[in-house]
Amino acid sequence: RRRSRVQSRSSRHNKGDFDMSLNKLFKATLSAAAIFAVAGTAAHAEEWKFAHEESPGDVQDLYAQEFKRLVEEKTDGEVEVTIYTYGQLGTENDITELTAAGAVQFSNASPGHLGTFVPEIQVFGVPYLLSQDNEVNKEVLSSSPTIYDGLAKDFESKGLKLYTMY
């Protein structure tokens, strides 16, 4: 029996060594799995979400589709753009809230809906404010210091950045 106990202790000791080896192997396997998981995610493209307030095929969707094409082309597929059309992520205000929270990276919204976040932008809803000359409007809406410098802080305070108006 003593021998049996000694063997048992010896077995436990060997089992302890075996358990320790298993523990090391398990940790090494987990470490390797974590490295592969990180490497695996690095191989996937980054996703940008673009939401707008119109149906597929409408003007905002055409802009979004062109944006998607250009981004994916210029990044050699490193960035994939997923487009969400009207209603897929909620209302226009929901889309703006999701954009401000960072859940959506880009959105296209009318000044009326943005007005609940930045009231000053509602001035663009005033009838006859803009010229009948579209070239003049294009210049004003794409490069006006009043829009892009003056309102920038108001948008940033809400977690938004105004890139362009059209």
# chains A, B, ... in the order shown; residues from 1 in each chain; ligands from 1
$ residues_around --residues "stretch 106-119 of chain A" --least-positions-apart "5" --cutoff "8 Å" --atoms "only C-alpha atoms" --output "PyMOL selection string"
chain A and resi 48-53+60+92-93+95-96+99+124-125+154-155+158
$ closest_residue --among "A:Val59, A:Ala100, A:Val126, A:Val79" --to "A:Lys161" --atoms "only C-alpha atoms"
A:Ala100
